[in-house]
>>> print(open('work.txt').read())   # compact mmCIF, C-alpha atoms
# COMPACT_ATOMS: atom_id res chain seq x y z
CA MET A 1 4.44 29.86 -42.60
CA GLY A 2 4.62 32.71 -40.12
CA GLY A 3 1.99 31.18 -37.77
CA GLN A 4 2.58 27.63 -36.69
CA ALA A 5 -0.03 25.17 -35.49
CA PRO A 6 0.30 23.83 -31.96
CA GLY A 7 2.80 20.98 -31.61
CA ARG A 8 1.58 17.42 -31.67
CA ASN A 9 2.23 16.97 -27.95
CA GLU A 10 0.32 20.10 -26.89
CA ASN A 11 -3.19 19.48 -25.62
CA PRO A 12 -5.63 22.41 -25.77
CA LEU A 13 -7.23 21.18 -22.52
CA ASP A 14 -3.96 21.64 -20.56
CA ASP A 15 -4.70 25.35 -19.97
CA TYR A 16 -8.21 24.55 -18.80
CA ALA A 17 -6.92 21.85 -16.42
CA THR A 18 -4.34 24.25 -14.98
CA ARG A 19 -6.99 26.93 -14.34
CA ALA A 20 -9.35 24.39 -12.77
CA SER A 21 -6.61 23.11 -10.44
CA ARG A 22 -5.83 26.64 -9.26
CA GLU A 23 -9.51 27.30 -8.54
CA LEU A 24 -9.89 24.03 -6.60
CA ALA A 25 -6.84 24.77 -4.44
CA GLY A 26 -8.65 27.67 -2.77
CA ARG A 27 -11.92 25.85 -2.12
CA THR A 28 -13.10 24.30 1.13
CA THR A 29 -15.53 21.40 1.08
CA ASP A 30 -17.43 20.14 4.14
CA VAL A 31 -19.10 16.73 4.03
CA ASN A 32 -21.29 15.90 7.07
CA ASN A 33 -23.45 12.83 7.66
CA SER A 34 -23.48 11.67 4.06
CA SER A 35 -21.99 9.29 1.56
CA VAL A 36 -20.27 10.62 -1.55
CA GLU A 37 -18.39 9.06 -4.42
CA ARG A 38 -15.65 11.65 -4.90
CA VAL A 39 -14.46 14.78 -3.09
CA GLU A 40 -11.86 16.98 -4.78
CA SER A 41 -11.04 20.33 -3.25
CA GLY A 42 -8.32 22.45 -1.69
CA GLN A 43 -9.40 21.61 1.86
CA VAL A 44 -11.77 18.80 2.79
CA SER A 45 -13.57 18.20 6.08
CA LEU A 46 -15.25 14.79 6.28
CA ARG A 47 -17.34 14.18 9.43
CA GLU A 48 -19.48 11.12 10.13
CA SER A 49 -19.40 10.36 6.40
CA PHE A 50 -18.06 8.03 3.75
CA ALA A 51 -16.24 8.95 0.55
CA GLN A 52 -14.92 6.56 -2.08
CA SER A 53 -12.18 8.97 -3.12
CA VAL A 54 -10.77 12.13 -1.53
CA GLN A 55 -8.17 14.33 -3.21
CA SER A 56 -7.10 17.59 -1.59
CA SER A 57 -4.28 19.70 -0.22
CA ALA A 58 -5.46 19.30 3.39
CA THR A 59 -7.95 16.77 4.76
CA TYR A 60 -9.62 16.56 8.18
CA MET A 61 -11.58 13.39 8.93
CA GLU A 62 -13.59 12.58 12.06
CA ASP A 63 -15.70 9.44 12.62
CA ALA A 64 -15.44 8.82 8.88
CA ALA A 65 -14.35 6.27 6.30
CA ALA A 66 -12.82 6.57 2.85
CA GLY A 67 -11.63 4.25 0.12
CA VAL A 68 -8.68 6.26 -1.21
CA VAL A 69 -7.31 9.49 0.27
CA LYS A 70 -4.65 11.50 -1.61
CA THR A 71 -3.65 14.61 0.28
CA SER A 72 -0.70 16.66 1.39
CA SER A 73 -1.81 16.80 5.03
CA LEU A 74 -4.19 14.38 6.73
CA GLU A 75 -5.61 14.83 10.23
CA ALA A 76 -7.81 11.96 11.34
CA LYS A 77 -9.81 10.97 14.41
CA ASP A 78 -11.63 7.60 14.61
CA VAL A 79 -11.20 6.91 10.90
CA ALA A 80 -11.00 3.90 8.57
CA ILE A 81 -9.25 4.27 5.19
CA GLY A 82 -8.45 1.75 2.47
CA VAL A 83 -5.42 3.54 1.00
CA ALA A 84 -3.96 6.78 2.39
CA MET A 85 -1.23 8.70 0.55
CA ALA A 86 -0.03 11.90 2.23
CA SER A 87 3.02 13.96 3.04
CA SER A 88 2.06 14.14 6.70
CA VAL A 89 -0.48 12.18 8.73
CA HIS A 90 -1.53 13.00 12.28
CA ALA A 91 -4.15 10.65 13.66
CA ASP A 92 -5.97 9.40 16.74
CA THR A 93 -7.39 5.92 16.09
CA LEU A 94 -6.74 5.25 12.41
CA GLN A 95 -7.35 1.89 10.73
CA ALA A 96 -5.93 1.62 7.21
CA GLY A 97 -5.08 -1.02 4.65
CA ILE A 98 -2.13 0.88 3.19
CA VAL A 99 -0.51 4.07 4.46
CA ALA A 100 2.18 5.86 2.43
CA ALA A 101 3.46 9.04 4.12
CA LYS A 102 6.63 11.02 4.68
CA GLN A 103 5.67 11.72 8.28
CA LEU A 104 3.26 9.63 10.37
CA GLU A 105 2.36 10.53 13.93
CA GLY A 106 -0.47 9.46 16.18
CA ASN A 107 -2.13 7.31 18.77
CA GLU A 108 -3.43 3.86 17.92
CA ILE A 109 -2.68 3.65 14.22
CA ARG A 110 -3.10 0.19 12.71
CA THR A 111 -2.25 -0.57 9.11
CA GLY A 112 -1.67 -3.58 6.90
CA VAL A 113 1.17 -2.09 4.87
CA LEU A 114 3.15 0.92 6.07
CA LEU A 115 5.46 2.99 3.86
CA ALA A 116 6.71 5.93 5.92
CA VAL A 117 9.95 7.85 6.37
CA ASN A 118 9.35 9.20 9.89
CA VAL A 119 7.04 7.39 12.33
CA ARG A 120 6.12 8.58 15.84
CA GLY A 121 3.57 7.30 18.30
CA ASP A 122 1.60 4.10 18.76
CA VAL A 123 1.78 2.71 15.22
CA HIS A 124 1.30 -0.98 14.38
CA SER A 125 1.86 -2.42 10.91
CA THR A 126 1.42 -5.95 9.64
CA VAL A 127 3.99 -5.54 6.85
CA SER A 128 6.59 -2.78 6.93
CA PRO A 129 9.21 -2.24 4.19
CA LEU A 130 11.81 -4.06 6.30
CA ALA A 131 9.46 -7.00 6.92
CA GLY A 132 8.59 -7.06 3.21
CA PHE A 133 12.30 -7.18 2.34
CA ALA A 134 12.85 -9.99 4.85
CA ILE A 135 9.91 -11.98 3.44
CA GLY A 136 11.20 -11.50 -0.12
CA ALA A 137 14.77 -12.47 0.84
CA GLY A 138 13.50 -15.57 2.63
CA PHE A 139 11.40 -16.57 -0.37
CA ALA A 140 14.34 -16.06 -2.78
CA THR A 141 16.66 -18.09 -0.53
CA THR A 142 14.12 -20.91 -0.32
CA LEU A 143 13.79 -21.02 -4.13
CA LEU A 144 17.58 -21.05 -4.54
CA LEU A 145 18.05 -23.87 -2.01
CA MET A 146 15.22 -25.94 -3.52
CA ASN A 147 16.74 -25.53 -6.99
CA ARG A 148 20.12 -26.76 -5.72
CA ALA A 149 18.52 -29.66 -3.84
CA ILE A 150 16.64 -30.79 -6.96
CA LYS A 151 19.86 -30.66 -9.02
CA MET A 152 21.73 -32.70 -6.38
CA ILE A 153 18.99 -35.31 -6.24
CA GLY A 154 18.94 -35.49 -10.05
CA ARG A 155 22.72 -36.06 -10.18
CA ARG A 156 22.59 -38.80 -7.55
CA LEU A 157 19.75 -40.58 -9.32
CA SER A 158 21.57 -40.43 -12.66
CA GLN A 159 24.74 -41.93 -11.09
CA THR A 160 22.96 -45.03 -9.83
>>> encode(input="work.txt", output="C-alpha cells")
Amino acid sequence: MGGQAPGRNENPLDDYATRASRELAGRTTDVNNSSVERVESGQVSLRESFAQSVQSSATYMEDAAAGVVKTSSLEAKDVAIGVAMASSVHADTLQAGIVAAKQLEGNEIRTGVLLAVNVRGDVHSTVSPLAGFAIGAGFATTLLLMNRAIKMIGRRLSQT
C-alpha cells in the first residue's frame, strides 16, 4: 500500500487543461472580415467580423459583432454584443444586450441591462440594478396590497 491511486475527485485531464490555458494566454488571434463560431486566445482582435463566442484576456473589436464576450479588458469601436462580461470596458459606440463590468467608460454606450461598479461617459441603460430593484419592490408592494384587498373584500362579503 505504499503507492496510492489518485483520489476520487482528481481528474487526470486537470493537468492538461492547466497547460493548455497557459499556452493560450500567450497567443494572439486576429480575425478580419470573417464569421467564426468561437475565438479563445490570450489576446483577440476582431475587425469587421462576427463571432458567436469570444473568450480572452484582452479583446479589441472594431466594426464587429459578437454573441458572448468574456474578457478581462475590452476595447470596442462601433460594436454590437449580446452579452459582454469584462473587468474593464472602454468603448466608442457600443450596443449591447447585457454588460457586466467593474469599470465601464466610453462614448455612446447603449445597453439593455447594465451591471457595473464604475461608469464614466455617455452610457444609457434600459434597466440598471437600481431600476431593477425599484421594479421588484414595486411588484412586491403591489402583490402585498392586492392580497390585503382581497382579504378585506372576503371579510366584508362574509359579514353580509
>>> atom_distance(input="work.txt", atom1="CA of Gly97 in chain A", atom2="CA of Ser34 in chain A")
22.4 Å
>>> residues_near_point(input="work.txt", point="(-14.8, 15.6, 19.3)", cutoff="10 Å", atoms="all atoms listed in the file", output="list in words")
Glu62, Asp63, Lys77 and Asp78 of chain A
>>> atom_distance(input="work.txt", atom1="CA of Leu115 in chain A", atom2="CA of Met61 in chain A")
20.6 Å
>>> closest_residue(input="work.txt", among="A:Val31, A:Leu94, A:Val68, A:Leu104", to="Gly82 in chain A", atoms="only C-alpha atoms")
A:Val68
>>> residues_around(input="work.txt", residues="range 98-103 of chain A", least_positions_apart="6", cutoff="12 Å", atoms="all atoms listed in the file", output="ChimeraX atom specification")
/A:67-75,80-91,109-121,123-129
>>> atom_distance(input="work.txt", atom1="CA of Val54 in chain A", atom2="CA of Glu105 in chain A")
20.3 Å
